[in-house]
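Q: Handing over run23.txt, compact mmCIF, C-alpha atoms and all ligand atoms.
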```
# COMPACT_ATOMS: atom_id res chain seq x y z
CA MET A 1 -18.65 -12.83 5.61
CA THR A 2 -15.57 -14.37 3.96
CA GLU A 3 -14.74 -12.79 0.62
CA THR A 4 -13.66 -14.66 -2.48
CA VAL A 5 -11.01 -12.80 -4.45
CA VAL A 6 -9.36 -13.47 -7.79
CA LEU A 7 -5.73 -12.33 -7.79
CA LYS A 8 -3.71 -12.48 -11.01
CA LEU A 9 0.07 -12.19 -11.07
CA GLY A 10 1.35 -10.96 -14.43
CA GLY A 11 3.99 -13.19 -15.99
CA SER A 12 6.40 -10.26 -16.18
CA VAL A 13 6.29 -9.73 -12.40
CA ILE A 14 7.30 -13.29 -11.53
CA THR A 15 9.73 -14.02 -14.40
CA ASP A 16 12.45 -12.15 -16.20
CA LYS A 17 11.03 -11.80 -19.70
CA SER A 18 14.51 -11.46 -21.25
CA GLY A 19 15.62 -14.90 -19.98
CA ALA A 20 14.47 -18.45 -20.80
CA CYS A 21 12.05 -19.47 -18.02
CA ALA A 22 13.92 -17.23 -15.58
CA ILE A 23 11.75 -17.38 -12.45
CA ASP A 24 12.00 -14.53 -9.92
CA HIS A 25 11.97 -16.63 -6.74
CA ALA A 26 12.67 -13.64 -4.46
CA ARG A 27 9.62 -11.80 -5.81
CA LEU A 28 7.51 -14.96 -5.41
CA GLU A 29 8.58 -15.25 -1.76
CA ARG A 30 7.53 -11.64 -1.09
CA ILE A 31 4.15 -12.15 -2.79
CA ALA A 32 3.52 -15.39 -0.90
CA SER A 33 4.26 -13.71 2.42
CA ASP A 34 1.96 -10.77 1.51
CA ILE A 35 -0.88 -13.21 0.82
CA ALA A 36 -0.15 -15.39 3.88
CA ALA A 37 -0.34 -12.31 6.14
CA ARG A 38 -4.01 -11.79 5.20
CA GLU A 39 -6.52 -14.08 6.84
CA GLY A 40 -10.21 -14.60 6.19
CA LEU A 41 -10.00 -14.39 2.39
CA PHE A 42 -10.65 -17.11 -0.16
CA VAL A 43 -8.12 -16.45 -2.92
CA ILE A 44 -8.15 -17.92 -6.42
CA LEU A 45 -4.64 -17.24 -7.71
CA ILE A 46 -3.96 -17.06 -11.45
CA HIS A 47 -0.60 -16.29 -13.01
CA GLY A 48 0.68 -15.46 -16.47
CA ALA A 49 3.49 -17.27 -18.28
CA GLY A 50 6.18 -14.60 -18.79
CA SER A 51 9.38 -16.23 -20.01
CA CYS A 52 8.00 -19.70 -19.10
CA GLY A 53 5.59 -20.30 -21.97
CA HIS A 54 5.44 -17.20 -24.20
CA PRO A 55 8.75 -18.01 -25.99
CA GLU A 56 7.58 -21.60 -26.60
CA ALA A 57 4.10 -20.52 -27.76
CA ARG A 58 5.73 -18.06 -30.19
CA ARG A 59 8.37 -20.54 -31.42
CA PHE A 60 5.68 -23.15 -32.19
CA ARG A 61 3.25 -20.51 -33.59
CA LEU A 62 0.50 -21.73 -31.26
CA ASP A 63 -1.30 -18.37 -31.41
CA ARG A 64 -2.25 -19.44 -34.97
CA GLY A 65 -3.35 -22.94 -33.94
CA LEU A 66 -2.11 -26.34 -35.06
CA ASP A 67 -0.75 -26.61 -38.62
CA GLY A 68 0.37 -30.28 -38.72
CA GLU A 69 3.96 -29.41 -37.83
CA ASN A 70 3.72 -27.74 -34.45
CA THR A 71 1.86 -30.29 -32.32
CA ALA A 72 4.90 -30.76 -30.06
CA GLY A 73 4.41 -27.13 -29.06
CA ILE A 74 1.44 -28.17 -26.90
CA TYR A 75 3.72 -30.22 -24.64
CA ARG A 76 6.63 -27.75 -24.72
CA THR A 77 4.49 -24.73 -23.88
CA HIS A 78 2.47 -26.50 -21.21
CA ALA A 79 5.62 -27.96 -19.60
CA ALA A 80 7.25 -24.52 -19.45
CA VAL A 81 4.31 -22.82 -17.75
CA CYS A 82 3.87 -25.80 -15.40
CA ARG A 83 7.47 -25.25 -14.20
CA LEU A 84 6.47 -21.72 -13.23
CA ASN A 85 3.24 -22.97 -11.63
CA ASP A 86 5.25 -25.41 -9.47
CA ALA A 87 7.45 -22.52 -8.30
CA VAL A 88 4.41 -20.37 -7.42
CA VAL A 89 2.78 -23.23 -5.51
CA ASP A 90 6.05 -24.02 -3.68
CA ALA A 91 6.46 -20.38 -2.59
CA LEU A 92 2.89 -20.30 -1.23
CA ARG A 93 3.24 -23.66 0.51
CA ASN A 94 6.50 -22.49 2.13
CA GLU A 95 4.41 -19.75 3.75
CA GLY A 96 1.97 -22.32 5.11
CA ILE A 97 -0.74 -21.81 2.46
CA GLU A 98 -2.47 -25.01 1.28
CA ALA A 99 -1.93 -24.14 -2.41
CA LEU A 100 -2.59 -26.55 -5.29
CA GLY A 101 -1.68 -26.18 -8.97
CA VAL A 102 -4.67 -26.43 -11.37
CA HIS A 103 -3.85 -26.69 -15.08
CA PRO A 104 -6.32 -25.30 -17.68
CA LEU A 105 -5.12 -27.74 -20.39
CA GLY A 106 -6.93 -30.51 -18.49
CA MET A 107 -10.11 -28.63 -17.57
CA ALA A 108 -10.79 -26.01 -20.26
CA LEU A 109 -11.69 -25.88 -23.94
CA ALA A 110 -11.43 -23.00 -26.43
CA ASP A 111 -13.06 -22.18 -29.76
CA ASP A 112 -11.13 -19.91 -32.11
CA GLY A 113 -8.92 -18.67 -29.29
CA ARG A 114 -11.73 -17.97 -26.84
CA LEU A 115 -12.45 -19.99 -23.74
CA VAL A 116 -15.80 -21.76 -24.19
CA ARG A 117 -15.71 -24.25 -21.32
CA CYS A 118 -13.86 -24.32 -18.04
CA GLU A 119 -14.76 -26.57 -15.10
CA THR A 120 -15.22 -24.59 -11.89
CA ALA A 121 -17.05 -26.97 -9.50
CA HIS A 122 -13.76 -28.38 -8.22
CA ILE A 123 -12.42 -24.84 -7.68
CA ARG A 124 -15.40 -24.02 -5.44
CA LEU A 125 -14.80 -27.26 -3.53
CA MET A 126 -11.11 -26.46 -3.09
CA LEU A 127 -12.00 -23.06 -1.62
CA LYS A 128 -14.60 -24.63 0.65
CA HIS A 129 -11.97 -27.01 2.03
CA GLY A 130 -9.28 -24.38 2.57
CA VAL A 131 -7.28 -25.08 -0.57
CA MET A 132 -5.98 -22.18 -2.69
CA PRO A 133 -6.27 -23.08 -6.40
CA VAL A 134 -3.36 -21.74 -8.46
CA LEU A 135 -4.19 -21.56 -12.18
CA HIS A 136 -2.22 -20.09 -15.07
CA GLY A 137 -2.44 -18.99 -18.69
CA ASP A 138 -2.03 -22.18 -20.73
CA VAL A 139 -2.27 -23.88 -24.08
CA VAL A 140 -5.68 -25.57 -24.38
CA MET A 141 -7.35 -27.71 -27.04
CA ASP A 142 -9.42 -25.60 -29.43
CA LEU A 143 -12.47 -26.75 -31.46
CA THR A 144 -11.52 -24.62 -34.50
CA ARG A 145 -7.74 -24.24 -34.34
CA GLY A 146 -6.76 -27.56 -32.74
CA ALA A 147 -5.00 -25.77 -29.92
CA SER A 148 -4.70 -22.16 -28.78
CA ILE A 149 -3.31 -20.01 -26.02
CA VAL A 150 -5.68 -18.91 -23.30
CA SER A 151 -4.25 -16.04 -21.27
CA GLY A 152 -4.44 -15.74 -17.51
CA ASP A 153 -6.59 -12.65 -18.14
CA GLN A 154 -9.21 -14.69 -20.04
CA LEU A 155 -9.26 -17.10 -17.09
CA VAL A 156 -9.65 -14.19 -14.66
CA ALA A 157 -12.74 -12.98 -16.50
CA HIS A 158 -14.23 -16.47 -16.81
CA LEU A 159 -13.65 -17.50 -13.19
CA ALA A 160 -14.67 -14.15 -11.69
CA GLU A 161 -18.06 -14.53 -13.37
CA ALA A 162 -18.50 -18.28 -12.89
CA VAL A 163 -17.51 -18.28 -9.19
CA GLN A 164 -19.12 -14.84 -8.57
CA VAL A 165 -16.15 -13.43 -6.68
CA SER A 166 -16.39 -10.16 -4.77
CA ARG A 167 -13.09 -8.63 -5.96
CA VAL A 168 -10.69 -8.97 -8.86
CA GLY A 169 -7.09 -7.72 -8.76
CA LEU A 170 -4.27 -7.87 -11.28
CA ALA A 171 -0.71 -7.26 -10.08
CA THR A 172 1.55 -5.96 -12.83
CA ASP A 173 5.02 -4.44 -13.30
CA VAL A 174 3.48 -0.99 -13.88
CA PRO A 175 1.42 1.05 -11.36
CA GLY A 176 -1.79 0.80 -13.40
CA VAL A 177 -3.09 1.60 -16.88
CA LEU A 178 -0.89 4.44 -18.09
CA CYS A 179 -1.92 7.24 -20.42
CA GLY A 180 0.87 9.69 -21.27
CA GLY A 181 2.93 8.32 -18.36
CA THR A 182 0.18 8.91 -15.77
CA VAL A 183 -1.95 6.27 -14.07
CA MET A 184 -5.61 6.42 -15.09
CA PRO A 185 -7.52 5.97 -11.81
CA ARG A 186 -10.55 4.64 -13.70
CA ILE A 187 -11.05 3.30 -17.19
CA ASP A 188 -14.24 2.29 -18.96
CA ARG A 189 -14.96 1.40 -22.57
CA ASN A 190 -15.14 5.04 -23.70
CA ALA A 191 -11.90 6.04 -21.95
CA PHE A 192 -10.18 2.93 -23.39
CA PHE A 193 -10.81 4.00 -26.97
CA ALA A 194 -10.14 7.68 -26.23
CA SER A 195 -6.76 6.87 -24.60
CA GLY A 196 -5.25 5.17 -27.66
CA ILE A 197 -4.44 1.97 -25.70
CA ALA A 198 -6.92 0.09 -27.90
CA GLY A 199 -4.70 0.75 -30.93
CA SER A 200 -1.32 -0.07 -29.31
CA GLN A 201 0.90 -2.94 -30.54
CA ALA A 202 0.66 -6.25 -28.67
CA THR A 203 3.78 -7.13 -26.68
CA ASP A 204 3.22 -10.88 -26.33
CA VAL A 205 1.14 -13.66 -27.87
CA THR A 206 -1.87 -12.75 -25.73
CA GLY A 207 -1.82 -8.97 -26.15
CA GLY A 208 -0.08 -7.29 -23.17
CA MET A 209 -1.90 -4.42 -21.40
CA LYS A 210 -4.27 -3.91 -24.33
CA GLY A 211 -5.42 -7.55 -24.16
CA LYS A 212 -5.72 -7.33 -20.38
CA VAL A 213 -7.91 -4.22 -20.40
CA ALA A 214 -10.09 -5.61 -23.21
CA GLU A 215 -10.82 -8.77 -21.17
CA LEU A 216 -11.55 -6.75 -18.04
CA LEU A 217 -13.82 -4.25 -19.81
CA ALA A 218 -16.00 -7.13 -21.01
CA LEU A 219 -16.14 -8.36 -17.39
CA ALA A 220 -16.99 -4.86 -16.14
CA GLU A 221 -19.90 -4.68 -18.58
CA LYS A 222 -21.28 -7.75 -16.76
CA GLY A 223 -21.11 -5.84 -13.46
CA ILE A 224 -17.75 -7.05 -12.08
CA GLU A 225 -15.14 -4.30 -11.71
CA SER A 226 -11.45 -5.12 -11.48
CA ASN A 227 -8.28 -3.44 -10.27
CA ILE A 228 -4.87 -3.15 -11.96
CA PHE A 229 -1.99 -2.13 -9.69
CA HIS A 230 1.73 -2.53 -9.10
CA VAL A 231 2.81 -5.86 -7.61
CA SER A 232 4.13 -4.05 -4.52
CA ARG A 233 0.51 -3.01 -3.76
CA ILE A 234 -0.97 -6.52 -3.42
CA GLY A 235 -1.30 -6.02 0.35
CA ALA A 236 -3.20 -2.75 -0.15
CA PHE A 237 -5.57 -4.43 -2.61
CA LEU A 238 -6.22 -7.37 -0.27
CA ASP A 239 -6.71 -4.97 2.68
CA LEU A 240 -9.20 -2.88 0.64
CA THR A 241 -7.02 0.24 0.97
CA ASP A 242 -5.83 2.50 -1.87
CA HIS A 243 -3.67 0.51 -4.30
CA GLY A 244 -2.85 3.58 -6.38
CA GLY A 245 -3.75 1.81 -9.64
CA THR A 246 -6.64 1.66 -12.08
CA VAL A 247 -10.21 0.48 -11.59
CA VAL A 248 -11.64 -1.06 -14.75
CA ALA A 249 -15.33 -0.14 -14.65
CA GLY A 250 -18.47 -0.58 -16.72
CA SER A 251 -19.65 2.35 -18.84
CA ARG A 252 -22.05 4.58 -16.93
O1 LIG B 301 0.90 -14.71 -19.77
C1 LIG B 301 -0.13 -16.99 -21.64
O2 LIG B 301 -0.75 -16.44 -20.51
P1 LIG B 301 -0.53 -14.90 -20.17
C2 LIG B 301 0.00 -18.49 -21.50
O3 LIG B 301 -1.48 -14.61 -19.03
C3 LIG B 301 1.04 -19.10 -22.39
O4 LIG B 301 -0.86 -14.10 -21.38
C4 LIG B 301 1.22 -20.52 -22.21
C5 LIG B 301 1.76 -18.45 -23.26
```
Mind turning the file's structure into structure tokens?
Ligand code: IP8
A:
Amino acid sequence: MTETVVLKLGGSVITDKSGACAIDHARLERIASDIAAREGLFVILIHGAGSCGHPEARRFRLDRGLDGENTAGIYRTHAAVCRLNDAVVDALRNEGIEALGVHPLGMALADDGRLVRCETAHIRLMLKHGVMPVLHGDVVMDLTRGASIVSGDQLVAHLAEAVQVSRVGLATDVPGVLCGGTVMPRIDRNAFFASGIAGSQATDVTGGMKGKVAELLALAEKGIESNIFHVSRIGAFLDLTDHGGTVVAGSR
């Protein structure tokens, strides 16, 4: 049976966060060839924004919504992350994958920063017809705030549930969820609070590792586990071998 997998690429693994929309094309080429080498998988690819979107979202204070003076931030932020999305799609297409960019701004709606609607019928159809949808964290219209930032991790959780995928993987620039410098092989809600990660400071407008694990724990409580691993281990994750990272699991 063909598996459907959600694979998220963290923004910091495909951009240089210290630059202004500095895309790591060499890394993208390696990831695309890793994915192209695996056949018989339906992959929904989602990527973060890194330096193509977070600086704009912060400059226009979009994490706090629209205030009458920052409306232009919707266009600026969306345009920045779309530049990255084009680069991801190009890298995949260069490897012969029929990839297509799908932009949440046009298909999703938030309320107070949380995704409340996101069309998925067309994503199922794309998969059915051999197209790999490539989505990304984005600015979306928001019923309460006017506009807000929806992270790639929120999209991962939403799509994994809505499309009922068999596996969820998040490729990051660290080998997994770290506690005292060591990878935690498994984390659930209890271990999350015990580890101190829950109280750490956010590193970007959508919450860094803390935000990621919080999204995935909510997904795990609905019965869908996910995996966080280093970007160099994408092949291992897709092959169902040991990725050396962290499994985010429901509480027992
Ligand atoms: O990098 C953020 O998505 P993330 C999206 O997955 C924007 O947190 C536009 C800042």
Q: When distances are computed from all atoms listed in the file, which of A:Leu45, A:Val140, A:Cys118, A:Ile149 shows the smallest separation from Gly101 (chain A)?
A: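 Residue with the minimum atom-to-atom distance to Gly101 (chain A): A:Leu45.
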Q: Check which residues fall inside 6 Å of ligand LIG 301 (chain B) when counting only C-alpha atoms and all ligand atoms, and print them as a list in words.
A: Gly11, Gly48, Ala49, Gly50, Gly53, His54, Ala57, Thr77, Val81, Gly137, Asp138, Val139, Ile149, Val150, Ser151, Gly152, Asp153 and Thr206 of chain A
Q: Okay, now the selection with C-alpha atoms, as a compact mmCIF listing (two decimals), keeping the file's coordinate frame?
A:
```txt
# COMPACT_ATOMS: atom_id res chain seq x y z
CA GLY A 11 3.99 -13.19 -15.99
CA GLY A 48 0.68 -15.46 -16.47
CA ALA A 49 3.49 -17.27 -18.28
CA GLY A 50 6.18 -14.60 -18.79
CA GLY A 53 5.59 -20.30 -21.97
CA HIS A 54 5.44 -17.20 -24.20
CA ALA A 57 4.10 -20.52 -27.76
CA THR A 77 4.49 -24.73 -23.88
CA VAL A 81 4.31 -22.82 -17.75
CA GLY A 137 -2.44 -18.99 -18.69
CA ASP A 138 -2.03 -22.18 -20.73
CA VAL A 139 -2.27 -23.88 -24.08
CA ILE A 149 -3.31 -20.01 -26.02
CA VAL A 150 -5.68 -18.91 -23.30
CA SER A 151 -4.25 -16.04 -21.27
CA GLY A 152 -4.44 -15.74 -17.51
CA ASP A 153 -6.59 -12.65 -18.14
CA THR A 206 -1.87 -12.75 -25.73
```
Q: Report, in Å to a single decimal, how far apart CA of His243 (chain A) and CA of Val177 (chain A) are.
A: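 These two atoms are separated by 12.6 Å.
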Q: Which residue gives the smallest distance to Leu105 (chain A) among A:Ser195, A:Gln154, A:Ser148, A:Ser51, with all atoms listed in the file counted?
A: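 Counting all atoms listed in the file, the residue closest to Leu105 (chain A) is A:Ser148.
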Q: Check the smallest atom-to-atom distance from each of A:Ile74, A:Leu115, A:Ile46, A:Val6 to Arg58 (chain A) using only C-alpha atoms, then report the winner.
A: A:Ile74
